[in-house]
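What follows is a short report on a single structure.
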Number of protein chains: 2
Amino acid sequence: MKYKLIGKIVFNKDISQYKEKVFEFLKKAENEILKGFKNLDEINYKSKYEISDDKSIKGEINTENKSAHIIFYRIRKTLAEHIGKELHIGISSLEIELLNINFPLEKLPQEEISIPFIDKININNNNKTCSIEINKVDKNFITKGNVERIIKRIKEKIDRSYYEGKAEYHKILYESPRKEIKIKDDPTIEMVKKNWIAPASTKGKWIYWPPATNIFNTLEKIVLEELLKPLGFNEIKNSNIVSGEDVWIKTGHLEGMPMEIYYVAEPRTRNTKEWEYFIDLIKITQEIPYDELKNMIQLEPLKGLVYAQCPSIYWAFKGKTISDESFPILLFEKTTNSFRYESGGRHGIERVDEFHRIEVVFIGEPNNLIDIQKKFMDKYKKIFNDILEIEWRMASVTPFYMQQAGDLFKEETIEGQLGTIDYEAWLPYRGSREESEWLEFQNFSIVGDKYIKAFNLKNQKKKIIWSGCTGIGLERWVAVFLAQHGFNIEDWPEKFRNYLDKMPSEIKFF
Amino acid sequence: MKYKLIGKIVFNKDISQYKEKVFEFLKKAENEILKGFKNLDEINYKSKYEISDDKSIKGEINTENKSAHIIFYRIRKTLAEHIGKELHIGISSLEIELLNINFPLEKLPQEEISIPFIDKININNNNKTCSIEINKVDKNFITKGNVERIIKRIKEKIDRSYYEGKAEYHKILYESPRKEIKIKDDPTIEMVKKNWIAPASTKGKWIYWPPATNIFNTLEKIVLEELLKPLGFNEIKNSNIVSGEDVWIKTGHLEGMPMEIYYVAEPRTRNTKEWEYFIDLIKITQEIPYDELKNMIQLEPLKGLVYAQCPSIYWAFKGKTISDESFPILLFEKTTNSFRYESGGRHGIERVDEFHRIEVVFIGEPNNLIDIQKKFMDKYKKIFNDILEIEWRMASVTPFYMQQAGDLFKEETIEGQLGTIDYEAWLPYRGSREESEWLEFQNFSIVGDKYIKAFNLKNQKKKIIWSGCTGIGLERWVAVFLAQHGFNIEDWPEKFRNYLDKMPSEIKFF
């Protein structure tokens, strides 16, 4: 890795009469910093300076394997001490005019790469290196680590081009007994026909009339009675609005999924007088004055609707030290809806912009979590085989949090203790069990210390703690159940019917 | 009411050679229209026209009690027929250069009034009239009724200045027995201390940890078992996102409450490539690039979060003809949260930006609804007196839908069959029962045909149907219960405790 930096040190006084003294202190400052490094040979530090004008020095620094820009800022600090004390001169600014970095690549890019702040990326195919040039950047840019993240992002983009389009990792762990299935109807179409559901007032969302709601509630009861209560989980209610800065920047959702988030804007003011013009326009024209609305709302600080329920549950523990007696933490949340902008991907109630999910979160020592996983596997199997009587399978897949946070597919984490298991079911209306795509109707993940670290969760005894979650998608449970069992209540499994309240009659329209 | 209009009729051909013919047809068209009016004297129609240039005629129309601008557009239509047939000339446009309207006022304004589209409003204090001038408006502006709504809005603003600041109508209908109350703690503060609740990641919203959630669930169970199930209500699930154009323009919420709505913006595209620059910026800077975000989202068509649950329930019936067998329609919705930007008004869990409410809606013949009202009165009384054992009262107030839609306080609708009843409870921490402000913890309204008409709900037999609703605010029930009973479970009423699941222990932080 090679760095070349051209920069300028601007002083607060005319230095022309102290010229030699200043150069001397500059050398001194450089030497003090350099002697702190172990392998000076590998750094191969070279610099030259010249007077640029009466108040400034221009310099060029070349380094290897150590950031020239970091050294440059450290020189400033040490130099300032010397010339301050001896010459009563201060440094008013440090300017980086150009920073050129040449770094090795593991793989060569397969397509042109563009990246903010960099006008040109030069790839040398022969020695597999990449050279970038950053012009005119300020201190914040350097000290916040942006330069290092630019290099990381370039490598990430190259890596991605090799993975993109490749099939996701998918290894079947279990297959349920086959069921004899008599119907091939798309349950969404049937439910619309029967007035069980209807499109809501905005796209990709549904109204569930009493018969459909009754099925949702039955499934929820099964989850509570068969799974969550016996395993000692407690319910919490979280907010449906999530902070961009406090939550999503930390979990990576804002860099991973910004194209699917439903963003929320607050009124800029609650003062009625300031809204009077907007109100007048609506009252007069009966139309929405969008230009005026844009002036009346604010996006900052960023807020959005729940994308997945777990991030804000983890956030609730941010920076806290959890008492030993509270482990393992066993929680579930079913009050907030989840929102994802699915656009062209929408289909029926299986892929919607707003869905209802029971999100289960557990935090504890790794052994606890592996024990919890076993218990869930057993309970889920019982529910799907004995109560819902559906045809389903379990598969080890790319962990969802890696997909969502935009991380790359890292094979080594699969099939160990960390990772995601998808639960998939056959939807006969899509085609044969062999050829059609099965529906992922829920998943189970142990995500290690990813979120524990992101939110700095501590515990009394400083033990290693992990977290995990399993999201039970009610729309998808309903879709699977009805796609396999149809709409004739007499055909529904007996144990399911034991949980089912009397079906309310649908509202009839003429 | 006096109108003066100066306008221009532009033809598609040179009319100079047909000048007299055109004026003749113009008179003919005017006469045909005028003879359709009964009280021609009262209209006092006067007009004069002159050639403006080779292709256009300029005219001035003066009328009383009949809109000059409406007549002008009708003249166009009739004239076009005549000159089209006889002279093969068409009319290419009609331009209104000035429209002056002078209308009587019931009350004189108490402050200066401003209104869009009108540069100057002249008030004549002696003969109590208002004169407005509208310049250069197009056909759409006229035919959509904007002129009439400008006049209505001016009168509304004058009326409002007389009502503003006046106390709301409030007549106590019932007072519960007094309770001996031993505590004076603010339940929010106590709950925060005990780790029962915590602020969520954005302002004005709460996380309810297991002990608080358990109380919410207990109250919900009481509502379901004691009230909604016995009265035959069925649950539906609606969407948390509401259409501005389809719902709120029709219910009046967007003109009544725009300063409290949480607006929702969708991604402009779901294409990852188009978001790449945004993603790069976050990955590199770890900050949110708001300027870029603004380009990537869209507000149109307008969406917002549920403000009150009932509007989108009524919307679900839009334009439908409901079968006779489905009446009365008895529904409740408890899945969607409600959002209101409370800003400086926030306090504890009583006044929050996101709250949980069981919204109950009933649609049926007026007699049915009055019968339902009686049943609710009885059941509520039983719940508050015998199960929750709280000190509360009932008051007839300004109907909430009038406040929300920005309508004026109309005394005649109170205390009849239409109107709102507020349920209020004493919060001892606020002060004595006599001097402190009691908390409105729920309400009950019969709103007549307001929403039935707004959404054009029809029924098989063309009977008169009304609607009503009652919103059970769970945060406020919790606040009242804990403010009066405190945190010592042994002190809680026995019948309440029969519904209460074992209290989960709070998560302990170190």
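Scheme for the structure tokens: letters A, B, ... for chains in order shown; per-chain residue numbers from 1; ligand numbers from 1 in order shown.
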
List the spatial neighbours of region 259-268 of chain B as a CSV table (one decimal) with N, CA, C and O atoms, in the first residue's frame - criterion: any atom at most 8 Å away, only C-alpha atoms, same-chain residues fewer than 5 positions off excluded.
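Okay, part.csv is ready:
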chain,number,residue,atom,x,y,z
A,258,PRO,N,-31.9,0.8,2.0
A,258,PRO,CA,-32.6,2.1,1.9
A,258,PRO,C,-33.7,2.2,0.9
A,258,PRO,O,-34.6,3.0,1.0
A,259,MET,N,-33.6,1.3,-0.1
A,259,MET,CA,-34.6,1.3,-1.2
A,259,MET,C,-35.9,0.6,-0.8
A,259,MET,O,-36.8,0.6,-1.6
A,260,GLU,N,-35.9,0.1,0.4
A,260,GLU,CA,-37.2,-0.6,0.8
A,260,GLU,C,-37.8,0.0,2.0
A,260,GLU,O,-38.8,-0.4,2.5
A,261,ILE,N,-37.1,1.1,2.6
A,261,ILE,CA,-37.6,1.7,3.8
A,261,ILE,C,-38.8,2.6,3.5
A,261,ILE,O,-38.8,3.4,2.6
A,262,TYR,N,-39.8,2.6,4.4
A,262,TYR,CA,-40.8,3.6,4.4
A,262,TYR,C,-40.3,4.8,5.3
A,262,TYR,O,-40.2,4.6,6.5
A,263,TYR,N,-40.1,5.9,4.8
A,263,TYR,CA,-39.5,7.0,5.5
A,263,TYR,C,-40.7,7.9,6.1
A,263,TYR,O,-41.8,7.9,5.6
A,264,VAL,N,-40.4,8.5,7.3
A,264,VAL,CA,-41.4,9.2,8.0
A,264,VAL,C,-41.0,10.7,8.1
A,264,VAL,O,-39.8,10.9,8.5
A,265,ALA,N,-41.8,11.6,7.8
A,265,ALA,CA,-41.5,13.0,8.0
A,265,ALA,C,-42.5,13.6,9.0
A,265,ALA,O,-43.7,13.4,8.9
A,266,GLU,N,-42.0,14.4,9.9
A,266,GLU,CA,-42.8,15.1,10.9
A,266,GLU,C,-43.2,16.5,10.4
A,266,GLU,O,-42.4,17.0,9.6
A,267,PRO,N,-44.2,17.1,10.9
A,267,PRO,CA,-44.5,18.5,10.6
A,267,PRO,C,-43.3,19.3,11.1
A,267,PRO,O,-42.7,19.0,12.1
A,269,THR,N,-43.6,22.3,12.1
A,269,THR,CA,-44.1,23.0,13.3
A,269,THR,C,-45.5,22.5,13.5
A,269,THR,O,-46.2,22.0,12.6
A,270,ARG,N,-46.0,22.6,14.8
A,270,ARG,CA,-47.3,22.3,15.1
A,270,ARG,C,-48.2,23.5,15.2
A,270,ARG,O,-49.4,23.4,15.6
A,271,ASN,N,-47.6,24.6,14.9
A,271,ASN,CA,-48.3,25.9,15.1
A,271,ASN,C,-49.3,26.1,13.9
A,271,ASN,O,-49.0,26.2,12.7
A,272,THR,N,-50.6,26.1,14.3
A,272,THR,CA,-51.7,26.2,13.3
A,272,THR,C,-51.6,27.4,12.4
A,272,THR,O,-51.8,27.3,11.2
A,275,TRP,N,-49.6,26.8,9.4
A,275,TRP,CA,-50.2,25.9,8.5
A,275,TRP,C,-51.4,26.5,7.8
A,275,TRP,O,-52.0,25.9,6.9
A,341,TYR,N,-41.0,-1.5,1.2
A,341,TYR,CA,-41.4,-1.0,-0.1
A,341,TYR,C,-41.0,-2.1,-1.1
A,341,TYR,O,-39.9,-2.3,-1.5
B,241,ILE,N,-51.1,2.8,7.2
B,241,ILE,CA,-50.9,3.9,6.3
B,241,ILE,C,-52.2,4.3,5.6
B,241,ILE,O,-52.9,3.5,5.1
B,295,ASN,N,-33.7,13.4,-2.8
B,295,ASN,CA,-33.9,13.1,-4.3
B,295,ASN,C,-34.4,11.7,-4.5
B,295,ASN,O,-34.9,11.3,-5.5
B,296,MET,N,-34.3,10.9,-3.4
B,296,MET,CA,-34.6,9.4,-3.6
B,296,MET,C,-35.9,9.0,-3.1
B,296,MET,O,-36.3,7.8,-3.2
B,297,ILE,N,-36.7,10.0,-2.5
B,297,ILE,CA,-38.0,9.6,-2.0
B,297,ILE,C,-39.1,10.4,-2.6
B,297,ILE,O,-38.8,11.4,-3.2
B,298,GLN,N,-40.3,9.9,-2.4
B,298,GLN,CA,-41.4,10.7,-3.0
B,298,GLN,C,-42.6,10.8,-2.1
B,298,GLN,O,-42.9,9.9,-1.3
B,299,LEU,N,-43.2,12.0,-2.1
B,299,LEU,CA,-44.4,12.2,-1.2
B,299,LEU,C,-45.7,12.0,-1.9
B,299,LEU,O,-46.7,11.8,-1.3
B,300,GLU,N,-45.7,12.0,-3.2
B,300,GLU,CA,-46.9,11.8,-4.0
B,300,GLU,C,-47.1,10.4,-4.5
B,300,GLU,O,-46.2,9.8,-4.9
B,302,LEU,N,-50.0,11.3,-1.6
B,302,LEU,CA,-49.8,11.6,-0.1
B,302,LEU,C,-50.2,10.4,0.7
B,302,LEU,O,-51.3,9.8,0.6
B,303,LYS,N,-49.3,10.0,1.6
B,303,LYS,CA,-49.6,9.0,2.6
B,303,LYS,C,-49.2,9.5,4.0
B,303,LYS,O,-48.3,10.3,4.1
B,304,GLY,N,-49.9,9.0,5.0
B,304,GLY,CA,-49.5,9.3,6.4
B,304,GLY,C,-49.9,8.2,7.3
B,304,GLY,O,-50.6,7.2,6.9
B,305,LEU,N,-49.4,8.3,8.5
B,305,LEU,CA,-49.8,7.2,9.5
B,305,LEU,C,-51.1,7.5,10.1
B,305,LEU,O,-51.6,8.6,10.2
B,307,TYR,N,-54.1,8.5,12.0
B,307,TYR,CA,-54.3,9.6,12.9
B,307,TYR,C,-55.4,9.2,13.9
B,307,TYR,O,-55.3,9.3,15.1
B,339,PHE,N,-50.9,7.9,15.4
B,339,PHE,CA,-49.7,8.8,15.5
B,339,PHE,C,-50.2,10.2,15.4
B,339,PHE,O,-51.0,10.6,14.5
B,340,ARG,N,-49.7,11.0,16.3
B,340,ARG,CA,-50.0,12.5,16.3
B,340,ARG,C,-48.8,13.2,16.8
B,340,ARG,O,-48.2,12.9,17.8
B,341,TYR,N,-48.4,14.2,16.0
B,341,TYR,CA,-47.2,15.0,16.3
B,341,TYR,C,-47.7,16.0,17.4
B,341,TYR,O,-48.3,17.0,17.1
B,342,GLU,N,-47.3,15.7,18.7
B,342,GLU,CA,-47.7,16.5,19.8
B,342,GLU,C,-46.7,17.6,20.2
B,342,GLU,O,-47.1,18.5,20.9

Provide as number ranges by chain the residues of chain B at most 6 Å from chain A, counting only C-alpha atoms.
B: 146, 149-150, 201-202, 207-210, 213, 234-238, 243, 255, 259, 262-267, 270, 279, 284-285, 321-323, 326, 507-510

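Residue nearest Gly84 (chain A) within the list A:Ile363, A:Ile118, A:Ile71, A:Val22: A:Val22 [criterion: smallest interatomic distance, only C-alpha atoms].
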
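If you count only C-alpha atoms and ignore residues fewer than 5 places along the chain from Phe441 (chain A), what sits within 10 Å of it is Glu350, Trp392, Asp422, Tyr423, Glu424, Ala425, Gly471, Ile472, Gly473, Leu474, Glu475, Arg476, Trp477, Val478, Ala479 and Val480 of chain A.
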
Leaving out region 46-48 of chain A and any residue of its chain fewer than 4 positions from it, which residues lie within 8 Å of it when counting only C-alpha atoms, given as a ChimeraX atom specification?
/A:59-63

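Taking only region 150-209 of chain A, the residues that DSSP calls strand (DSSP E or B) from the backbone come to His170, Lys171, Ile172, Leu173, Tyr174, Glu175, Ile197, Ala198, Pro199, Trp206, Ile207 and Tyr208 of chain A.
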
Near Ile134 (chain A), within 9 Å and counting only C-alpha atoms, which residues show up once chain neighbours fewer than 4 positions away are dropped, as a list in words?
Ile96, Glu97, Leu98, Leu99, Asn100, Ile101, Phe117, Ile118, Asp119, Lys120 and Val147 of chain A

As JSON, numbers by chain, please: every residue in region 188-343 of chain A that a backbone DSSP assignment puts in helix (DSSP H, G or I).
{"A": [188, 189, 190, 191, 192, 193, 210, 211, 212, 213, 214, 215, 216, 217, 218, 219, 220, 221, 222, 223, 224, 225, 226, 227, 228, 244, 245, 246, 247, 248, 249, 250, 251, 253, 254, 255, 256, 258, 259, 260, 272, 273, 274, 275, 276, 277, 278, 279, 280, 281, 282, 283, 284, 285, 290, 291, 292, 293, 294, 295, 296, 310, 311, 312, 313, 314, 315, 324, 325, 326, 343]}
